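Coordinates from work-v7.cif are shown below (mmCIF, C-alpha atoms).
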data_start
#
loop_
_atom_site.label_atom_id
_atom_site.label_comp_id
_atom_site.auth_asym_id
_atom_site.auth_seq_id
_atom_site.Cartn_x
_atom_site.Cartn_y
_atom_site.Cartn_z
CA MET A 1330 14.01 2.68 -0.80
CA SER A 1331 15.93 -0.44 -1.71
CA GLU A 1332 14.31 -3.80 -2.34
CA GLU A 1333 16.04 -5.20 0.75
CA LYS A 1334 14.62 -2.49 2.99
CA LYS A 1335 11.13 -3.03 1.58
CA MET A 1336 11.32 -6.70 2.52
CA ASP A 1337 12.14 -5.85 6.14
CA ILE A 1338 9.40 -3.29 6.73
CA SER A 1339 5.90 -4.19 7.88
CA PHE A 1340 2.74 -2.87 6.25
CA GLU A 1341 2.03 -0.74 9.32
CA GLU A 1342 5.54 0.74 9.30
CA ALA A 1343 5.22 1.53 5.60
CA ILE A 1344 1.89 3.31 6.16
CA GLU A 1345 3.36 5.30 9.05
CA LYS A 1346 6.37 6.35 6.96
CA LEU A 1347 4.08 7.27 4.07
CA GLU A 1348 2.00 9.47 6.39
CA GLU A 1349 5.17 11.21 7.60
CA ILE A 1350 6.23 11.90 4.01
CA VAL A 1351 2.80 13.31 3.14
CA GLU A 1352 2.94 15.63 6.16
CA LYS A 1353 6.40 16.89 5.17
CA LEU A 1354 5.29 17.53 1.59
CA GLU A 1355 2.09 19.26 2.72
CA ASP A 1356 4.09 21.63 4.93
CA GLY A 1357 5.67 23.05 1.80
CA ASP A 1358 8.97 23.95 3.47
CA VAL A 1359 10.92 21.25 1.64
CA PRO A 1360 13.51 22.14 -1.03
CA LEU A 1361 12.57 20.91 -4.50
CA GLU A 1362 15.25 18.21 -4.69
CA LYS A 1363 14.28 16.83 -1.29
CA ALA A 1364 10.58 16.99 -2.22
CA ILE A 1365 11.31 14.87 -5.29
CA ASP A 1366 13.14 12.33 -3.11
CA PHE A 1367 10.23 12.26 -0.66
CA TYR A 1368 7.76 11.86 -3.52
CA GLN A 1369 9.71 8.97 -5.01
CA GLU A 1370 10.00 7.24 -1.63
CA GLY A 1371 6.29 7.78 -1.05
CA MET A 1372 5.43 6.22 -4.39
CA ASN A 1373 7.61 3.20 -3.56
CA LEU A 1374 5.91 2.85 -0.18
CA ALA A 1375 2.46 3.17 -1.76
CA LYS A 1376 3.30 0.44 -4.27
CA PHE A 1377 4.66 -1.78 -1.49
CA CYS A 1378 1.45 -1.31 0.52
CA ASN A 1379 -0.76 -1.96 -2.50
CA ASP A 1380 1.18 -5.10 -3.42
CA LYS A 1381 0.92 -6.33 0.17
CA LEU A 1382 -2.86 -5.73 0.22
CA VAL A 1383 -3.35 -7.54 -3.09
CA LYS A 1384 -1.32 -10.50 -1.80
CA VAL A 1385 -3.32 -10.68 1.43
CA GLU A 1386 -6.61 -10.39 -0.47
CA LYS A 1387 -5.63 -13.35 -2.67
CA GLN A 1388 -4.64 -15.36 0.40
CA MET A 1389 -7.98 -14.60 2.06
CA GLU A 1390 -9.89 -15.62 -1.08
CA GLN A 1391 -7.98 -18.89 -1.17
CA ILE A 1392 -8.60 -19.58 2.52
CA MET A 1393 -12.30 -18.82 2.23
CA GLN A 1394 -12.70 -20.92 -0.93
CA GLU A 1395 -11.04 -23.86 0.79
CA ASN A 1396 -13.63 -23.59 3.56
CA GLY A 1397 -16.45 -23.08 1.07
CA GLU A 1398 -17.66 -19.91 2.74
CA PHE A 1399 -16.56 -17.13 0.45
CA ALA A 1400 -17.79 -16.05 -2.95
CA PRO A 1401 -15.58 -13.24 -4.26
CA PHE A 1402 -17.32 -10.32 -5.94
CA SER A 1403 -16.15 -7.47 -8.06
CA PRO A 1404 -16.98 -3.84 -7.28
CA GLN A 1405 -18.92 -3.72 -10.58
CA GLU A 1406 -21.33 -6.39 -9.31
CA GLU A 1407 -21.95 -4.35 -6.17
CA GLU A 1408 -22.76 -1.21 -8.16
CA GLN A 1409 -25.36 -3.07 -10.28
CA ALA A 1410 -27.20 -4.42 -7.24
#

Would you write the structure of this file as structure tokens?
Amino acid sequence: MSEEKKMDISFEEAIEKLEEIVEKLEDGDVPLEKAIDFYQEGMNLAKFCNDKLVKVEKQMEQIMQENGEFAPFSPQEEEQA
């Protein structure tokens, strides 16, 4: 997946495409070369989705801090409680 295409796809579309790729790979009827292509595309989509989620999380933290209503926590703090 090219950088240009990644910029034009929404998070929801990326998730949908990733689910389609997983289904194809789970079926097991994919030739090895095609499976490698699917895997690589899936990894690119997963990275895109992760990057998008991290960006949105940072935006939400900033918005909430500006309003004085949000105190970010780390998962480690939650485990200790």

So which residues touch Leu1347 (chain A) within 8 Å, counting only C-alpha atoms, skipping near sequence neighbours fewer than 6 positions away, as a VMD selection string?
chain A and resid 1371 1374 to 1375

For CA of Phe1340 (chain A) and CA of Glu1386 (chain A), quote the distance in Å rounded to one decimal.
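These two atoms are separated by 13.8 Å.
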
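As for CA of Ala1364 (chain A) and CA of Glu1352 (chain A), they are spaced 11.4 Å apart.
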
To one decimal in Å, tell me the separation between CA of Ile1365 (chain A) and CA of Ile1344 (chain A).
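Those two atoms sit 18.8 Å apart.
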
May I ask which of the residues A:Glu1341, A:Glu1348, A:Glu1362, A:Asp1356 is the closest one to Lys1381 (chain A), counting only C-alpha atoms?
A:Glu1341

So, with all atoms listed in the file as the atoms that count, which of A:Lys1363, A:Asp1337, A:Ile1392, A:Ala1343 lies closest to Asn1379 (chain A)?
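Checking each of A:Lys1363, A:Asp1337, A:Ile1392, A:Ala1343 against Asn1379 (chain A), counting all atoms listed in the file, the winner is A:Ala1343.
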